[in-house]
Amino acid sequence: MAHQNVRGVAKTMNELTPMYKHSLEAFTDWLGVLGYSEATQTGAPTLLAECLHWLQERELTTLHHISQAHIKAFLAEQETRPNKKRGGGLSAAYLNKYVQALKLWNTFLAQTNTAHLELSLEYYQANPELPTVLTEQEIKRLYEACSDDEYGLRDRAMLGLYYGCGLRRSEGVAVDVADVQFSRGLLYVRKGKGNKERYVPLAGQVAEDLRWYLIEARPKLLKEHKSSSLLVSYRSRRPQGQSIALRLAGLVEKAGIPKEIGLHSLRHSIATHLLRNGMPLAEIQRFLGHSSLESTQIYTHLKEELTYEL
């Protein structure tokens, strides 16, 4: 289970002291038991392993050797690392992944009475570029790009989850058939950010598309297999986020939309469209599952950007 997630850092793990290796394995198990997303269960141990290896190279070989100053020195060094993909340094968003991993590890150590590092880490403040959003006309073109077969019906269901319901990538993958509650007009989101649950409205064309997908397409995709997953891959199992993203990329290309669009772009788009159509920010915050209104306020800027584009 959780140990499988550590395989990506197997080489680094084998070079760690027994104490560090045990802590990394136990931390990974802890993330799994608490139900953190697949991305966190894989990513946080990978980044933590980098930090532990860095500490070990400086002869800090046990948990009791680690101080706040050591962790800050590690983060400071990451700030100077080159960004191999885009040039320049690592972005604040990427650096914050290290901070999140270390904060989670610190919580794990405290809750399991393994060590008390007393780390106090602040997230990096970013000056983010506004995310790409689609116009409502471009969303319509995406739907028109869906074929009439079972794969096209699944594509419409996918668009319903990520645009109509505004789900995050991992949330959409985690949706089960039982989470679609037509009688209540709600979709249950079981694995939100920070392991939070919520309900989002399910009505209109989105509900209709999901209904037709369940009746006409999903049984064909399942063949004779069984799965609780709402979305089903061509292998009749729960799809990975990457495969869904590739499916969206195919629709974007087929629709002739000249923008770099990912699954999160659909979430940004629905939030922006809701704001343009008069929904209060506080309601959009609840719809998206944001913990603070500050996270939602970026859509006021996106609203203006979209107005200029239209």
# chains A, B, ... in the order shown; residues from 1 in each chain; ligands from 1

call {"tool": "select_by_dssp", "arguments": {"residues": "region 6-91 of chain A", "states": "helix (DSSP H, G or I)", "output": "number ranges by chain"}}
result
A: 6-14, 18-33, 38-57, 63-65, 68-79

call {"tool": "select_by_dssp", "arguments": {"residues": "region 63-232 of chain A", "states": "strand (DSSP E)", "output": "NGL selection string"}}
result
:A and (180-181 or 186-189 or 198-201)

call {"tool": "closest_atom_pairs", "arguments": {"of": "region 59-167 of chain A", "to": "region 213-237 of chain A", "cutoff": "9 Å", "atoms": "only C-alpha atoms", "output": "tab-separated table"}}
result
residue	atom	partner	partner_atom	distance
A:Asp149	CA	A:Ala217	CA	7.6
A:Glu150	CA	A:Ala217	CA	4.3
A:Tyr151	CA	A:Ala217	CA	7.3
A:Gly152	CA	A:Ala217	CA	8.7
A:Leu153	CA	A:Tyr213	CA	5.4
A:Arg154	CA	A:Tyr213	CA	6.0
A:Arg156	CA	A:Tyr213	CA	8.1
A:Ala157	CA	A:Tyr213	CA	6.5
A:Met158	CA	A:Leu231	CA	7.5

call {"tool": "atom_distance", "arguments": {"atom1": "CA of Leu47 (chain A)", "atom2": "CA of Leu263 (chain A)"}}
result
24.0 Å

call {"tool": "residues_around", "arguments": {"residues": "Ala49 (chain A)", "least_positions_apart": "2", "cutoff": "9 Å", "atoms": "only C-alpha atoms", "output": "PyMOL selection string"}}
result
chain A and resi 9+12-13+16+20-21+24+44-47+51-54

call {"tool": "write_last_selection", "arguments": {"atoms": "C-alpha atoms", "output": "PDB file, in the first residue's frame"}}
result
ATOM      1  CA  VAL A   9      12.693   7.359  -3.747  1.00  0.00           C
ATOM      2  CA  THR A  12      17.628   7.748  -1.802  1.00  0.00           C
ATOM      3  CA  MET A  13      16.040   5.634   0.942  1.00  0.00           C
ATOM      4  CA  LEU A  16      19.592   6.939   4.451  1.00  0.00           C
ATOM      5  CA  TYR A  20      15.674   8.326   8.655  1.00  0.00           C
ATOM      6  CA  LYS A  21      14.576   5.382   6.526  1.00  0.00           C
ATOM      7  CA  LEU A  24      10.192   8.060   5.950  1.00  0.00           C
ATOM      8  CA  ALA A  44       5.555  14.519   0.217  1.00  0.00           C
ATOM      9  CA  PRO A  45       7.795  11.494   0.969  1.00  0.00           C
ATOM     10  CA  THR A  46       9.808  12.174  -2.186  1.00  0.00           C
ATOM     11  CA  LEU A  47      10.531  15.758  -1.134  1.00  0.00           C
ATOM     12  CA  CYS A  51      15.717  16.912   2.761  1.00  0.00           C
ATOM     13  CA  LEU A  52      16.812  13.923   4.850  1.00  0.00           C
ATOM     14  CA  HIS A  53      19.550  13.100   2.366  1.00  0.00           C
ATOM     15  CA  TRP A  54      20.705  16.733   2.466  1.00  0.00           C
TER      16      TRP A  54
END

call {"tool": "closest_residue", "arguments": {"among": "A:Leu202, A:Ala110, A:Ile244, A:Leu90", "to": "Arg168 (chain A)", "atoms": "only C-alpha atoms"}}
result
A:Ile244

call {"tool": "residues_around", "arguments": {"residues": "Phe74 (chain A)", "least_positions_apart": "5", "cutoff": "12 Å", "atoms": "only C-alpha atoms", "output": "mmCIF file with N, CA and C atoms, in the first residue's frame"}}
result
data_model
loop_
_atom_site.group_PDB
_atom_site.id
_atom_site.type_symbol
_atom_site.label_atom_id
_atom_site.label_comp_id
_atom_site.auth_asym_id
_atom_site.auth_seq_id
_atom_site.Cartn_x
_atom_site.Cartn_y
_atom_site.Cartn_z
ATOM 1 N N LEU A 47 9.875 14.503 -1.504
ATOM 2 C CA LEU A 47 10.531 15.758 -1.134
ATOM 3 C C LEU A 47 11.194 15.650 0.232
ATOM 4 N N LEU A 48 10.544 14.949 1.149
ATOM 5 C CA LEU A 48 11.146 14.752 2.467
ATOM 6 C C LEU A 48 12.443 13.961 2.351
ATOM 7 N N GLU A 50 14.549 14.009 -0.032
ATOM 8 C CA GLU A 50 15.597 14.943 -0.471
ATOM 9 C C GLU A 50 16.175 15.694 0.720
ATOM 10 N N CYS A 51 15.277 16.154 1.588
ATOM 11 C CA CYS A 51 15.717 16.912 2.761
ATOM 12 C C CYS A 51 16.544 16.040 3.705
ATOM 13 N N LEU A 52 16.090 14.821 3.947
ATOM 14 C CA LEU A 52 16.812 13.923 4.850
ATOM 15 C C LEU A 52 18.188 13.577 4.292
ATOM 16 N N HIS A 53 18.261 13.388 2.995
ATOM 17 C CA HIS A 53 19.550 13.100 2.366
ATOM 18 C C HIS A 53 20.483 14.302 2.510
ATOM 19 N N TRP A 54 19.927 15.496 2.328
ATOM 20 C CA TRP A 54 20.705 16.733 2.466
ATOM 21 C C TRP A 54 21.242 16.854 3.893
ATOM 22 N N LEU A 55 20.404 16.572 4.877
ATOM 23 C CA LEU A 55 20.821 16.642 6.281
ATOM 24 C C LEU A 55 21.919 15.619 6.573
ATOM 25 N N GLN A 56 21.728 14.440 6.040
ATOM 26 C CA GLN A 56 22.696 13.370 6.292
ATOM 27 C C GLN A 56 24.065 13.704 5.704
ATOM 28 N N GLU A 57 24.067 14.331 4.535
ATOM 29 C CA GLU A 57 25.336 14.730 3.917
ATOM 30 C C GLU A 57 26.096 15.721 4.790
ATOM 31 N N ARG A 58 25.373 16.404 5.663
ATOM 32 C CA ARG A 58 25.995 17.376 6.568
ATOM 33 C C ARG A 58 26.172 16.781 7.971
ATOM 34 N N ILE A 66 18.339 17.587 14.302
ATOM 35 C CA ILE A 66 17.718 18.548 13.386
ATOM 36 C C ILE A 66 17.157 19.747 14.144
ATOM 37 N N SER A 67 17.432 20.933 13.620
ATOM 38 C CA SER A 67 16.907 22.165 14.215
ATOM 39 C C SER A 67 16.198 22.986 13.145
ATOM 40 N N GLN A 68 15.516 24.006 13.601
ATOM 41 C CA GLN A 68 14.857 24.944 12.688
ATOM 42 C C GLN A 68 15.861 25.549 11.719
ATOM 43 N N ALA A 69 17.045 25.893 12.206
ATOM 44 C CA ALA A 69 18.074 26.509 11.365
ATOM 45 C C ALA A 69 18.498 25.573 10.238
ATOM 46 N N GLU A 79 16.014 27.430 -2.908
ATOM 47 C CA GLU A 79 15.679 28.691 -3.578
ATOM 48 C C GLU A 79 16.676 29.016 -4.684
ATOM 49 N N THR A 80 17.895 28.525 -4.562
ATOM 50 C CA THR A 80 18.939 28.832 -5.550
ATOM 51 C C THR A 80 19.024 27.787 -6.655
ATOM 52 N N ARG A 81 18.252 26.723 -6.529
ATOM 53 C CA ARG A 81 18.293 25.663 -7.549
ATOM 54 C C ARG A 81 17.697 26.154 -8.856
ATOM 55 N N LEU A 95 8.452 25.529 -4.264
ATOM 56 C CA LEU A 95 9.104 25.589 -2.953
ATOM 57 C C LEU A 95 8.106 25.290 -1.837
ATOM 58 N N TYR A 98 7.843 21.724 -0.725
ATOM 59 C CA TYR A 98 8.799 21.320 0.309
ATOM 60 C C TYR A 98 8.282 21.720 1.693
ATOM 61 N N VAL A 99 7.777 22.945 1.779
ATOM 62 C CA VAL A 99 7.273 23.433 3.067
ATOM 63 C C VAL A 99 6.119 22.557 3.544
ATOM 64 N N LEU A 102 7.391 19.168 4.782
ATOM 65 C CA LEU A 102 8.068 19.278 6.076
ATOM 66 C C LEU A 102 7.078 19.556 7.204
#

call {"tool": "closest_residue", "arguments": {"among": "A:His65, A:Lys97, A:Lys103, A:His264", "to": "Leu119 (chain A)", "atoms": "only C-alpha atoms"}}
result
A:Lys103

call {"tool": "closest_residue", "arguments": {"among": "A:Asp209, A:Glu59, A:Glu171, A:Glu283", "to": "Gly241 (chain A)", "atoms": "only C-alpha atoms"}}
result
A:Glu171
